[in-house]
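Chemist: What follows is upload.pdb; its format and atoms are PDB, C-alpha atoms.
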ATOM      1  CA  MET A   1     -83.216  26.373  32.653
ATOM      2  CA  LYS A   2     -83.389  29.320  30.239
ATOM      3  CA  GLN A   3     -80.182  30.950  29.081
ATOM      4  CA  LYS A   4     -78.824  33.476  31.580
ATOM      5  CA  ASP A   5     -81.136  32.433  34.409
ATOM      6  CA  LYS A   6     -78.123  32.862  36.636
ATOM      7  CA  VAL A   7     -77.156  35.461  39.225
ATOM      8  CA  LEU A   8     -73.728  36.210  40.671
ATOM      9  CA  LEU A   9     -73.319  37.839  44.081
ATOM     10  CA  LEU A  10     -69.910  39.303  44.922
ATOM     11  CA  ILE A  11     -69.979  39.787  48.673
ATOM     12  CA  PHE A  12     -67.614  41.029  51.294
ATOM     13  CA  SER A  13     -69.024  40.335  54.745
ATOM     14  CA  GLY A  14     -66.958  40.972  57.854
ATOM     15  CA  THR A  15     -69.098  39.407  60.557
ATOM     16  CA  GLY A  16     -71.897  37.890  58.471
ATOM     17  CA  ASN A  17     -74.521  40.629  58.125
ATOM     18  CA  THR A  18     -74.030  41.242  54.412
ATOM     19  CA  LEU A  19     -73.721  37.536  53.683
ATOM     20  CA  THR A  20     -77.028  36.980  55.494
ATOM     21  CA  VAL A  21     -78.686  39.540  53.229
ATOM     22  CA  GLY A  22     -76.998  37.955  50.204
ATOM     23  CA  ASN A  23     -78.425  34.562  51.139
ATOM     24  CA  MET A  24     -81.886  36.121  51.395
ATOM     25  CA  ILE A  25     -81.510  37.603  47.916
ATOM     26  CA  ALA A  26     -80.276  34.273  46.549
ATOM     27  CA  GLU A  27     -83.263  32.472  48.083
ATOM     28  CA  HIS A  28     -85.744  34.836  46.440
ATOM     29  CA  PHE A  29     -84.014  34.517  43.082
ATOM     30  CA  GLY A  30     -84.246  30.759  43.574
ATOM     31  CA  GLU A  31     -88.002  31.051  44.031
ATOM     32  CA  LYS A  32     -88.096  32.621  40.568
ATOM     33  CA  GLY A  33     -86.122  29.768  39.009
ATOM     34  CA  PHE A  34     -82.675  31.372  39.043
ATOM     35  CA  ILE A  35     -79.417  29.768  40.101
ATOM     36  CA  THR A  36     -77.298  32.075  42.250
ATOM     37  CA  ASP A  37     -73.546  31.781  42.678
ATOM     38  CA  ILE A  38     -72.050  33.548  45.694
ATOM     39  CA  ILE A  39     -68.402  34.542  45.764
ATOM     40  CA  GLU A  40     -67.081  35.888  49.046
ATOM     41  CA  ILE A  41     -64.308  38.436  48.691
ATOM     42  CA  GLY A  42     -61.328  37.624  50.856
ATOM     43  CA  ASN A  43     -57.896  36.085  51.034
ATOM     44  CA  PRO A  44     -56.907  34.551  48.693
ATOM     45  CA  PHE A  45     -58.619  36.918  46.304
ATOM     46  CA  PRO A  46     -61.049  34.947  44.099
ATOM     47  CA  LYS A  47     -60.930  34.737  40.327
ATOM     48  CA  ILE A  48     -63.962  36.378  38.776
ATOM     49  CA  GLU A  49     -64.657  34.964  35.345
ATOM     50  CA  ASN A  50     -67.444  34.414  32.824
ATOM     51  CA  ILE A  51     -69.253  37.602  33.809
ATOM     52  CA  GLU A  52     -71.330  37.490  30.641
ATOM     53  CA  ASP A  53     -72.929  34.217  31.754
ATOM     54  CA  TYR A  54     -74.998  36.026  34.389
ATOM     55  CA  ARG A  55     -78.171  38.010  33.924
ATOM     56  CA  PHE A  56     -77.587  39.963  37.131
ATOM     57  CA  ILE A  57     -74.491  40.632  39.219
ATOM     58  CA  GLY A  58     -74.989  41.846  42.771
ATOM     59  CA  PHE A  59     -72.328  43.760  44.681
ATOM     60  CA  GLY A  60     -72.759  43.446  48.442
ATOM     61  CA  TYR A  61     -70.706  45.075  51.177
ATOM     62  CA  PRO A  62     -70.939  46.565  54.692
ATOM     63  CA  VAL A  63     -70.531  50.341  54.922
ATOM     64  CA  HIS A  64     -67.215  51.249  56.562
ATOM     65  CA  ALA A  65     -67.064  54.885  57.688
ATOM     66  CA  PHE A  66     -69.506  55.918  54.939
ATOM     67  CA  ASN A  67     -67.412  54.175  52.266
ATOM     68  CA  ILE A  68     -66.968  50.791  50.645
ATOM     69  CA  PRO A  69     -64.542  48.623  52.651
ATOM     70  CA  LYS A  70     -60.858  48.894  51.867
ATOM     71  CA  ILE A  71     -60.834  45.307  50.556
ATOM     72  CA  TYR A  72     -63.727  46.047  48.171
ATOM     73  CA  ARG A  73     -61.605  48.566  46.287
ATOM     74  CA  ARG A  74     -59.443  45.630  45.195
ATOM     75  CA  LEU A  75     -62.535  43.943  43.772
ATOM     76  CA  ILE A  76     -63.186  46.920  41.520
ATOM     77  CA  ALA A  77     -59.605  46.808  40.250
ATOM     78  CA  TYR A  78     -59.795  43.065  39.456
ATOM     79  CA  LEU A  79     -63.285  43.155  37.983
ATOM     80  CA  PRO A  80     -63.350  42.420  34.248
ATOM     81  CA  ASN A  81     -64.919  44.791  31.765
ATOM     82  CA  THR A  82     -68.252  43.852  30.261
ATOM     83  CA  SER A  83     -70.843  45.015  27.779
ATOM     84  CA  GLU A  84     -73.944  46.320  29.553
ATOM     85  CA  THR A  85     -74.179  43.507  32.120
ATOM     86  CA  SER A  86     -76.952  44.316  34.609
ATOM     87  CA  ALA A  87     -75.706  45.005  38.120
ATOM     88  CA  PHE A  88     -77.216  45.936  41.463
ATOM     89  CA  ILE A  89     -75.719  47.093  44.757
ATOM     90  CA  PHE A  90     -76.795  46.097  48.248
ATOM     91  CA  LYS A  91     -75.076  47.453  51.316
ATOM     92  CA  THR A  92     -75.542  46.984  55.043
ATOM     93  CA  SER A  93     -74.999  49.288  57.982
ATOM     94  CA  GLY A  94     -76.139  49.628  61.550
ATOM     95  CA  GLU A  95     -77.765  53.032  61.224
ATOM     96  CA  PRO A  96     -80.199  54.651  58.760
ATOM     97  CA  PHE A  97     -78.278  57.877  58.129
ATOM     98  CA  LEU A  98     -78.498  59.188  54.575
ATOM     99  CA  LEU A  99     -74.747  59.708  54.606
ATOM    100  CA  ASN A 100     -74.409  55.943  54.127
ATOM    101  CA  SER A 101     -75.876  56.363  50.637
ATOM    102  CA  ALA A 102     -72.684  58.076  49.488
ATOM    103  CA  SER A 103     -70.657  54.941  50.188
ATOM    104  CA  SER A 104     -71.546  53.451  46.793
ATOM    105  CA  TYR A 105     -70.899  56.575  44.718
ATOM    106  CA  ILE A 106     -67.380  55.550  43.655
ATOM    107  CA  LEU A 107     -68.458  51.926  43.171
ATOM    108  CA  THR A 108     -71.306  52.972  40.871
ATOM    109  CA  LYS A 109     -69.044  55.239  38.813
ATOM    110  CA  LYS A 110     -66.381  52.576  38.355
ATOM    111  CA  LEU A 111     -68.933  49.887  37.482
ATOM    112  CA  LYS A 112     -70.378  52.095  34.771
ATOM    113  CA  ARG A 113     -66.908  52.769  33.384
ATOM    114  CA  LYS A 114     -66.337  49.030  33.135
ATOM    115  CA  GLY A 115     -69.577  48.607  31.185
ATOM    116  CA  TYR A 116     -71.997  47.503  33.915
ATOM    117  CA  LYS A 117     -75.558  48.809  33.850
ATOM    118  CA  VAL A 118     -76.354  49.603  37.492
ATOM    119  CA  LEU A 119     -80.070  49.075  38.083
ATOM    120  CA  SER A 120     -80.486  49.612  41.816
ATOM    121  CA  ASP A 121     -78.765  50.501  45.067
ATOM    122  CA  THR A 122     -80.415  49.192  48.246
ATOM    123  CA  HIS A 123     -79.512  49.940  51.848
ATOM    124  CA  PHE A 124     -80.266  47.217  54.419
ATOM    125  CA  LEU A 125     -80.099  47.864  58.147
ATOM    126  CA  MET A 126     -78.413  45.154  60.190
ATOM    127  CA  PRO A 127     -77.102  45.164  63.783
ATOM    128  CA  TYR A 128     -73.817  46.771  64.755
ATOM    129  CA  ASN A 129     -70.663  44.725  65.024
ATOM    130  CA  ILE A 130     -68.938  47.697  66.641
ATOM    131  CA  ILE A 131     -69.818  50.427  69.192
ATOM    132  CA  PHE A 132     -72.514  48.420  71.052
ATOM    133  CA  ARG A 133     -74.555  45.246  70.760
ATOM    134  CA  TYR A 134     -78.123  45.640  69.539
ATOM    135  CA  PRO A 135     -80.903  44.132  71.684
ATOM    136  CA  ASP A 136     -82.416  40.904  70.367
ATOM    137  CA  ARG A 137     -85.770  42.587  69.669
ATOM    138  CA  ALA A 138     -84.091  45.092  67.344
ATOM    139  CA  VAL A 139     -82.086  42.319  65.676
ATOM    140  CA  LYS A 140     -85.220  40.245  65.056
ATOM    141  CA  ALA A 141     -87.032  43.194  63.494
ATOM    142  CA  MET A 142     -84.049  44.106  61.310
ATOM    143  CA  VAL A 143     -83.642  40.597  59.938
ATOM    144  CA  ASN A 144     -87.376  40.245  59.278
ATOM    145  CA  TYR A 145     -87.462  43.578  57.475
ATOM    146  CA  GLY A 146     -84.340  42.560  55.549
ATOM    147  CA  GLU A 147     -86.089  39.419  54.384
ATOM    148  CA  THR A 148     -89.004  41.440  53.024
ATOM    149  CA  LEU A 149     -86.789  44.107  51.452
ATOM    150  CA  SER A 150     -84.688  41.457  49.698
ATOM    151  CA  LYS A 151     -87.848  39.993  48.164
ATOM    152  CA  ILE A 152     -88.912  43.435  46.938
ATOM    153  CA  LEU A 153     -85.435  44.002  45.502
ATOM    154  CA  VAL A 154     -85.543  40.762  43.505
ATOM    155  CA  ASN A 155     -89.066  41.439  42.219
ATOM    156  CA  ASN A 156     -88.116  44.956  41.148
ATOM    157  CA  LEU A 157     -85.056  43.689  39.270
ATOM    158  CA  LEU A 158     -87.090  41.067  37.438
ATOM    159  CA  ASN A 159     -89.813  43.603  36.632
ATOM    160  CA  GLY A 160     -87.310  46.107  35.260
ATOM    161  CA  LYS A 161     -87.877  48.715  37.961
ATOM    162  CA  GLN A 162     -84.775  50.790  38.637
ATOM    163  CA  GLU A 163     -84.110  52.160  42.123
ATOM    164  CA  LEU A 164     -81.030  54.322  42.188
ATOM    165  CA  ILE A 165     -79.865  56.717  44.862
ATOM    166  CA  LYS A 166     -79.086  60.382  44.285
ATOM    167  CA  TYR A 167     -75.640  60.861  45.752
ATOM    168  CA  LYS A 168     -75.865  64.344  47.251
ATOM    169  CA  ARG A 169     -72.740  66.435  46.883
ATOM    170  CA  ARG A 170     -72.352  67.194  50.595
ATOM    171  CA  TYR A 171     -72.582  63.496  51.449
ATOM    172  CA  ARG A 172     -70.013  62.656  48.801
ATOM    173  CA  LEU A 173     -67.681  65.278  50.277
ATOM    174  CA  ILE A 174     -68.047  63.905  53.809
ATOM    175  CA  SER A 175     -67.569  60.373  52.499
ATOM    176  CA  THR A 176     -64.333  61.495  50.837
ATOM    177  CA  VAL A 177     -63.050  62.952  54.106
ATOM    178  CA  PHE A 178     -63.864  59.737  55.969
ATOM    179  CA  ARG A 179     -61.848  57.786  53.431
ATOM    180  CA  ILE A 180     -58.977  58.375  55.821
ATOM    181  CA  GLN A 181     -60.397  55.243  57.458
ATOM    182  CA  TYR A 182     -58.395  53.241  54.909
ATOM    183  CA  LEU A 183     -55.185  54.609  56.418
ATOM    184  CA  GLY A 184     -56.683  54.095  59.867
ATOM    185  CA  ALA A 185     -57.308  50.435  59.072
ATOM    186  CA  THR A 186     -53.686  50.002  58.027
ATOM    187  CA  ILE A 187     -52.401  51.575  61.249
ATOM    188  CA  ASN A 188     -54.932  49.853  63.489
ATOM    189  CA  GLY A 189     -54.053  46.477  62.018
ATOM    190  CA  LEU A 190     -50.629  46.825  63.587
ATOM    191  CA  LEU A 191     -52.120  47.729  66.967
ATOM    192  CA  ILE A 192     -54.316  44.639  67.372
ATOM    193  CA  LYS A 193     -53.129  42.378  70.178
ATOM    194  CA  VAL A 194     -54.060  39.063  71.772
ATOM    195  CA  ARG A 195     -54.624  38.649  75.498
ATOM    196  CA  ARG A 196     -52.464  35.610  76.013
ATOM    197  CA  LYS A 197     -54.172  34.558  79.230
ATOM    198  CA  LYS A 198     -57.514  34.358  77.424
ATOM    199  CA  CYS A 199     -56.337  32.929  74.093
ATOM    200  CA  ASN A 200     -56.642  29.147  73.712
ATOM    201  CA  LYS A 201     -54.783  29.104  70.348
ATOM    202  CA  CYS A 202     -57.826  27.861  68.417
ATOM    203  CA  LEU A 203     -56.526  30.006  65.502
ATOM    204  CA  ARG A 204     -60.062  30.826  64.404
ATOM    205  CA  CYS A 205     -58.992  34.441  63.902
ATOM    206  CA  LEU A 206     -56.085  33.448  61.655
ATOM    207  CA  LYS A 207     -58.100  30.975  59.578
ATOM    208  CA  ASN A 208     -61.032  33.348  59.056
ATOM    209  CA  CYS A 209     -59.288  36.681  58.496
ATOM    210  CA  PRO A 210     -60.468  37.861  55.053
ATOM    211  CA  THR A 211     -57.290  39.839  54.315
ATOM    212  CA  GLY A 212     -54.632  37.502  55.701
ATOM    213  CA  ASN A 213     -53.719  40.089  58.329
ATOM    214  CA  ILE A 214     -53.091  37.490  61.053
ATOM    215  CA  PHE A 215     -50.124  35.138  61.203
ATOM    216  CA  ILE A 216     -48.017  33.072  63.576
ATOM    217  CA  LYS A 217     -44.453  34.084  64.419
ATOM    218  CA  ASP A 218     -42.310  32.400  67.067
ATOM    219  CA  GLY A 219     -45.421  30.607  68.278
ATOM    220  CA  LYS A 220     -47.281  33.882  68.850
ATOM    221  CA  ILE A 221     -50.298  35.340  67.032
ATOM    222  CA  LYS A 222     -49.315  38.517  65.222
ATOM    223  CA  PHE A 223     -51.116  41.158  63.179
ATOM    224  CA  SER A 224     -49.920  43.180  60.179
ATOM    225  CA  SER A 225     -51.059  46.205  58.180
ATOM    226  CA  LYS A 226     -53.479  44.390  55.837
ATOM    227  CA  CYS A 227     -56.480  44.945  58.141
ATOM    228  CA  THR A 228     -59.717  46.215  56.574
ATOM    229  CA  MET A 229     -61.332  46.783  60.017
ATOM    230  CA  CYS A 230     -64.157  44.319  59.451
ATOM    231  CA  MET A 231     -64.120  43.338  63.188
ATOM    232  CA  ARG A 232     -64.423  39.622  62.389
ATOM    233  CA  CYS A 233     -61.509  38.510  64.550
ATOM    234  CA  ALA A 234     -62.712  40.423  67.615
ATOM    235  CA  MET A 235     -66.390  39.550  67.283
ATOM    236  CA  MET A 236     -65.907  35.858  66.532
ATOM    237  CA  CYS A 237     -63.207  35.120  69.123
ATOM    238  CA  PRO A 238     -64.740  32.483  71.456
ATOM    239  CA  ASN A 239     -62.760  33.739  74.469
ATOM    240  CA  ASP A 240     -62.911  37.504  73.843
ATOM    241  CA  ALA A 241     -59.109  37.445  73.690
ATOM    242  CA  ILE A 242     -58.494  40.088  71.014
ATOM    243  CA  LYS A 243     -57.812  43.759  71.723
ATOM    244  CA  ILE A 244     -58.818  45.556  68.558
ATOM    245  CA  GLY A 245     -56.371  48.470  68.728
ATOM    246  CA  PHE A 246     -57.804  51.951  69.183
ATOM    247  CA  LEU A 247     -61.315  50.571  68.607
ATOM    248  CA  ASN A 248     -61.187  48.265  71.619
ATOM    249  CA  ARG A 249     -63.622  50.337  73.696
ATOM    250  CA  TRP A 250     -66.210  49.861  70.940
ATOM    251  CA  LYS A 251     -65.643  46.154  70.503
ATOM    252  CA  VAL A 252     -68.638  43.802  70.267
ATOM    253  CA  ASN A 253     -67.753  40.194  71.063
ATOM    254  CA  GLY A 254     -69.950  37.233  70.136
ATOM    255  CA  LYS A 255     -71.858  36.796  66.866
ATOM    256  CA  TYR A 256     -75.591  37.399  66.521
ATOM    257  CA  ASP A 257     -77.351  34.070  66.184
ATOM    258  CA  PHE A 258     -80.029  35.138  63.710
ATOM    259  CA  THR A 259     -81.576  31.682  63.442
ATOM    260  CA  GLN A 260     -82.005  31.355  67.187
ATOM    261  CA  ILE A 261     -83.287  34.912  67.607
ATOM    262  CA  LEU A 262     -85.889  34.499  64.848
ATOM    263  CA  ALA A 263     -87.085  31.170  66.267
ATOM    264  CA  ASN A 264     -87.422  32.494  69.815
ATOM    265  CA  ASP A 265     -91.117  33.345  70.298
ATOM    266  CA  SER A 266     -90.368  35.080  73.595
ATOM    267  CA  ILE A 267     -88.597  37.839  71.638
ATOM    268  CA  GLU A 268     -91.458  40.123  70.675
ATOM    269  CA  ASP A 269     -91.859  41.660  67.235
ATOM    270  CA  GLY A 270     -92.624  45.296  66.531
ATOM    271  CA  PHE A 271     -89.522  46.919  68.003
ATOM    272  CA  PHE A 272     -89.362  49.737  65.462
ATOM    273  CA  SER A 273     -93.098  50.426  65.517
ATOM    274  CA  GLU A 274     -92.713  51.638  69.108
ATOM    275  CA  GLN A 275     -91.643  55.090  70.246
ATOM    276  CA  HIS A 276     -87.984  55.387  71.195
ATOM    277  CA  THR A 277     -86.130  58.242  72.869
ATOM    278  CA  ASP A 278     -82.668  56.701  72.581
ATOM    279  CA  PHE A 279     -80.491  56.042  69.518
ATOM    280  CA  PHE A 280     -83.239  53.998  67.862
ATOM    281  CA  ARG A 281     -85.458  57.051  67.437
ATOM    282  CA  TYR A 282     -83.417  57.809  64.312
ATOM    283  CA  PHE A 283     -84.696  54.618  62.679
ATOM    284  CA  LYS A 284     -88.341  55.714  62.494
ATOM    285  CA  LYS A 285     -88.162  57.455  59.101
ATOM    286  CA  TYR A 286     -86.294  54.565  57.446
ATOM    287  CA  TYR A 287     -88.792  51.960  58.612
ATOM    288  CA  ASN A 288     -91.824  54.155  57.889
ATOM    289  CA  GLU A 289     -90.592  54.482  54.304
ATOM    290  CA  LEU A 290     -89.941  50.755  54.140
ATOM    291  CA  ASP A 291     -93.444  50.019  55.447
ATOM    292  CA  ASN A 292     -94.845  52.178  52.628
ATOM    293  CA  LYS A 293     -92.683  50.342  50.111
ATOM    294  CA  ILE A 294     -93.998  47.015  51.420
ATOM    295  CA  ILE A 295     -97.595  48.240  51.076
ATOM    296  CA  GLN A 296     -96.954  49.405  47.499
ATOM    297  CA  ALA A 297     -95.334  46.070  46.634
ATOM    298  CA  LYS A 298     -98.385  44.210  47.934
ATOM    299  CA  LEU A 299    -100.705  46.433  45.921
ATOM    300  CA  ARG A 300     -98.770  45.664  42.729
ATOM    301  CA  SER A 301     -98.734  41.921  43.314
TER     302      SER A 301
END
Represent the structure from my file as structure tokens, please.
Modeler:
Amino acid sequence: MKQKDKVLLLIFSGTGNTLTVGNMIAEHFGEKGFITDIIEIGNPFPKIENIEDYRFIGFGYPVHAFNIPKIYRRLIAYLPNTSETSAFIFKTSGEPFLLNSASSYILTKKLKRKGYKVLSDTHFLMPYNIIFRYPDRAVKAMVNYGETLSKILVNNLLNGKQELIKYKRRYRLISTVFRIQYLGATINGLLIKVRRKKCNKCLRCLKNCPTGNIFIKDGKIKFSSKCTMCMRCAMMCPNDAIKIGFLNRWKVNGKYDFTQILANDSIEDGFFSEQHTDFFRYFKKYYNELDNKIIQAKLRS
């Protein structure tokens, strides 16, 4: 192995979407002979050392209210300074709105201040873990597109092609306003409850909470103010026993089984190539642009 043929991915992933994309990126780096280390951000907070050993460092997160997650701000604070280490950002969200681009504005600024050379900022669409469950056809298309986009991302990094986003001022302003979500997460963490009749005390929520927001007191499951509103506890609860505070009406329970959905031949491809009159009509521009990017990548190869 050549010196610095290593990649580090620093990922926060509430319900698994961003980690899925991170694994795709790691696989494509592996095809190019790189070793990829993945560190998941959570509780306890991991030690991040030997930054200079890596050729690329990827920062992956899900967009929370047009911002980086509350927990990801801690990562920035703990991140060591460096000297021109190459970095890239990949973020996931359930909708293609350009406002999501502003979520990485603060992250990019702080990375540059710490000495990181930010090469690209890529937005991946993945299914909602809040508001409503996406149909399996949409999920299959999103994951397949994500696989292709992750390959393009890796190739562009290795070929020295930079792909940065212009953070428009109005989007940055709206993103700043929505940063009140951090306070909302703190308050909502205290409002989360367990339906005792449904709960079987498997403690999956407690063991998997990335912020340590869940604990046992007097034999009862309790919640504190450390919540980052990642929705993991509610989505992954096997008995749908968790009431997620003031977001309960928008709760999605039950994880997406990407492996099973991709392997199911009865789930037809081409969801986003069809005409939609519902919410998914807003996805057309994003996927048309991605189709063009795929064509251009094939022409270059």
Chemist: Report, in Å with one decimal, the straight-line distance from CA of Arg172 in chain A to CA of Gly146 in chain A.
Modeler: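 If I compute the distance from CA of Arg172 in chain A to CA of Gly146 in chain A, I get 25.6 Å.
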Chemist: Residues picked by the PyMOL selection byres ((chain A and resi 235) around 8) here, as a PyMOL selection string?
Modeler: chain A and resi 15+129+231-234+236-237+240+251-255
Chemist: Using all atoms listed in the file, I'd like a table of the residues in range 160-185 of chain A that come within 10 Å of range 81-102 of chain A; for each, show the closest atom pair and its distance in Å rounded to one decimal, ordered by chain and ascending number, as JSON lines.
Modeler:
{"residue": "A:Gln162", "atom": "CA", "partner": "A:Phe88", "partner_atom": "CA", "distance": 9.4}
{"residue": "A:Glu163", "atom": "CA", "partner": "A:Phe88", "partner_atom": "CA", "distance": 9.3}
{"residue": "A:Leu164", "atom": "CA", "partner": "A:Phe88", "partner_atom": "CA", "distance": 9.2}
{"residue": "A:Ile165", "atom": "CA", "partner": "A:Ser101", "partner_atom": "CA", "distance": 7.0}
{"residue": "A:Lys166", "atom": "CA", "partner": "A:Ser101", "partner_atom": "CA", "distance": 8.2}
{"residue": "A:Tyr167", "atom": "CA", "partner": "A:Ala102", "partner_atom": "CA", "distance": 5.5}
{"residue": "A:Lys168", "atom": "CA", "partner": "A:Ala102", "partner_atom": "CA", "distance": 7.4}
{"residue": "A:Arg169", "atom": "CA", "partner": "A:Ala102", "partner_atom": "CA", "distance": 8.8}
{"residue": "A:Arg170", "atom": "CA", "partner": "A:Leu99", "partner_atom": "CA", "distance": 8.8}
{"residue": "A:Tyr171", "atom": "CA", "partner": "A:Leu99", "partner_atom": "CA", "distance": 5.4}
{"residue": "A:Arg172", "atom": "CA", "partner": "A:Ala102", "partner_atom": "CA", "distance": 5.3}
{"residue": "A:Leu173", "atom": "CA", "partner": "A:Ala102", "partner_atom": "CA", "distance": 8.8}
{"residue": "A:Ile174", "atom": "CA", "partner": "A:Leu99", "partner_atom": "CA", "distance": 7.9}
{"residue": "A:Ser175", "atom": "CA", "partner": "A:Ala102", "partner_atom": "CA", "distance": 6.4}
{"residue": "A:Thr176", "atom": "CA", "partner": "A:Ala102", "partner_atom": "CA", "distance": 9.1}
Chemist: For the file shown, what are the residues hit by the PyMOL selection byres ((chain A and resi 28) around 12), laid out as a PyMOL selection string?
Modeler: chain A and resi 7+21-27+29-36+147-158
Chemist: Just the selected residues (C-alpha atoms), exported as an mmCIF file, in the frame of the given file, please.
Modeler:
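Result file part21.cif:
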data_model
loop_
_atom_site.group_PDB
_atom_site.id
_atom_site.type_symbol
_atom_site.label_atom_id
_atom_site.label_comp_id
_atom_site.auth_asym_id
_atom_site.auth_seq_id
_atom_site.Cartn_x
_atom_site.Cartn_y
_atom_site.Cartn_z
ATOM 1 C CA VAL A 7 -77.156 35.461 39.225
ATOM 2 C CA VAL A 21 -78.686 39.540 53.229
ATOM 3 C CA GLY A 22 -76.998 37.955 50.204
ATOM 4 C CA ASN A 23 -78.425 34.562 51.139
ATOM 5 C CA MET A 24 -81.886 36.121 51.395
ATOM 6 C CA ILE A 25 -81.510 37.603 47.916
ATOM 7 C CA ALA A 26 -80.276 34.273 46.549
ATOM 8 C CA GLU A 27 -83.263 32.472 48.083
ATOM 9 C CA PHE A 29 -84.014 34.517 43.082
ATOM 10 C CA GLY A 30 -84.246 30.759 43.574
ATOM 11 C CA GLU A 31 -88.002 31.051 44.031
ATOM 12 C CA LYS A 32 -88.096 32.621 40.568
ATOM 13 C CA GLY A 33 -86.122 29.768 39.009
ATOM 14 C CA PHE A 34 -82.675 31.372 39.043
ATOM 15 C CA ILE A 35 -79.417 29.768 40.101
ATOM 16 C CA THR A 36 -77.298 32.075 42.250
ATOM 17 C CA GLU A 147 -86.089 39.419 54.384
ATOM 18 C CA THR A 148 -89.004 41.440 53.024
ATOM 19 C CA LEU A 149 -86.789 44.107 51.452
ATOM 20 C CA SER A 150 -84.688 41.457 49.698
ATOM 21 C CA LYS A 151 -87.848 39.993 48.164
ATOM 22 C CA ILE A 152 -88.912 43.435 46.938
ATOM 23 C CA LEU A 153 -85.435 44.002 45.502
ATOM 24 C CA VAL A 154 -85.543 40.762 43.505
ATOM 25 C CA ASN A 155 -89.066 41.439 42.219
ATOM 26 C CA ASN A 156 -88.116 44.956 41.148
ATOM 27 C CA LEU A 157 -85.056 43.689 39.270
ATOM 28 C CA LEU A 158 -87.090 41.067 37.438
#
Chemist: Within 12 Å of Ala77 in chain A, counting all atoms listed in the file, which residues show up once you throw out same-chain ones fewer than 6 positions away? Write them as JSON, numbers by chain, please.
Modeler: {"A": [45, 48, 70, 71, 107, 110, 111, 113, 114]}
Chemist: What separation in Å, quoted to one decimal, exists between CA of Asp269 in chain A and CA of Ile11 in chain A?
Modeler: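 Between CA of Asp269 in chain A and CA of Ile11 in chain A the gap works out to 28.8 Å.
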Chemist: Hey, what's within 12 Å of Arg74 in chain A if we count all atoms listed in the file and toss same-chain stuff fewer than 5 positions away? As a CSV table (one decimal) with C-alpha atoms, in the frame of the given file, please?
Modeler:
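Below is the file around_11.csv, written as the result:
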chain,number,residue,atom,x,y,z
A,12,PHE,CA,-67.6,41.0,51.3
A,41,ILE,CA,-64.3,38.4,48.7
A,42,GLY,CA,-61.3,37.6,50.9
A,43,ASN,CA,-57.9,36.1,51.0
A,44,PRO,CA,-56.9,34.6,48.7
A,45,PHE,CA,-58.6,36.9,46.3
A,46,PRO,CA,-61.0,34.9,44.1
A,68,ILE,CA,-67.0,50.8,50.6
A,69,PRO,CA,-64.5,48.6,52.7
A,79,LEU,CA,-63.3,43.2,38.0
A,107,LEU,CA,-68.5,51.9,43.2
A,110,LYS,CA,-66.4,52.6,38.4
A,211,THR,CA,-57.3,39.8,54.3
A,228,THR,CA,-59.7,46.2,56.6
Chemist: So how far away is CA of Asn188 in chain A from CA of Leu247 in chain A, in Å?
Modeler: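 Answer for the CA of Leu247 in chain A to CA of Asn188 in chain A separation: 8.2 Å.
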Chemist: Which of these residues is nearest to Tyr286 in chain A, using all atoms listed in the file: A:Met142, A:Ile267, A:Ile242, A:Leu75?
Modeler: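 Result for the nearest residue to Tyr286 in chain A: A:Met142.
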Chemist: Env of Ala138 in chain A: 9 Å cut, atoms = all atoms listed in the file, seq-sep filter 6 positions within chain, self excluded. Answer as a PDB file with C-alpha atoms, in the frame of the given file.
Modeler:
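File written: result_14.pdb
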ATOM      1  CA  PRO A 127     -77.102  45.164  63.783  1.00  0.00           C
ATOM      2  CA  ASP A 269     -91.859  41.660  67.235  1.00  0.00           C
ATOM      3  CA  GLY A 270     -92.624  45.296  66.531  1.00  0.00           C
ATOM      4  CA  PHE A 271     -89.522  46.919  68.003  1.00  0.00           C
ATOM      5  CA  PHE A 272     -89.362  49.737  65.462  1.00  0.00           C
ATOM      6  CA  PHE A 280     -83.239  53.998  67.862  1.00  0.00           C
TER       7      PHE A 280
END
Chemist: Mind listing whatever residues come within 12 Å of the point (-98.6, 44.9, 40.2)? Use only C-alpha atoms, file coordinates, and give them as a PDB file with C-alpha atoms, keeping the file's coordinate frame.
Modeler:
ATOM      1  CA  ILE A 152     -88.912  43.435  46.938  1.00  0.00           C
ATOM      2  CA  ASN A 155     -89.066  41.439  42.219  1.00  0.00           C
ATOM      3  CA  ASN A 156     -88.116  44.956  41.148  1.00  0.00           C
ATOM      4  CA  ASN A 159     -89.813  43.603  36.632  1.00  0.00           C
ATOM      5  CA  LYS A 161     -87.877  48.715  37.961  1.00  0.00           C
ATOM      6  CA  ILE A 295     -97.595  48.240  51.076  1.00  0.00           C
ATOM      7  CA  GLN A 296     -96.954  49.405  47.499  1.00  0.00           C
ATOM      8  CA  ALA A 297     -95.334  46.070  46.634  1.00  0.00           C
ATOM      9  CA  LYS A 298     -98.385  44.210  47.934  1.00  0.00           C
ATOM     10  CA  LEU A 299    -100.705  46.433  45.921  1.00  0.00           C
ATOM     11  CA  ARG A 300     -98.770  45.664  42.729  1.00  0.00           C
ATOM     12  CA  SER A 301     -98.734  41.921  43.314  1.00  0.00           C
TER      13      SER A 301
END
Chemist: Restricting the calculation to all atoms listed in the file: of A:Leu8, A:Ile216, A:Val139, A:Ala65, which residue gets closest to Gln181 in chain A?
Modeler: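 Among the listed residues, A:Ala65 lies closest to Gln181 in chain A.
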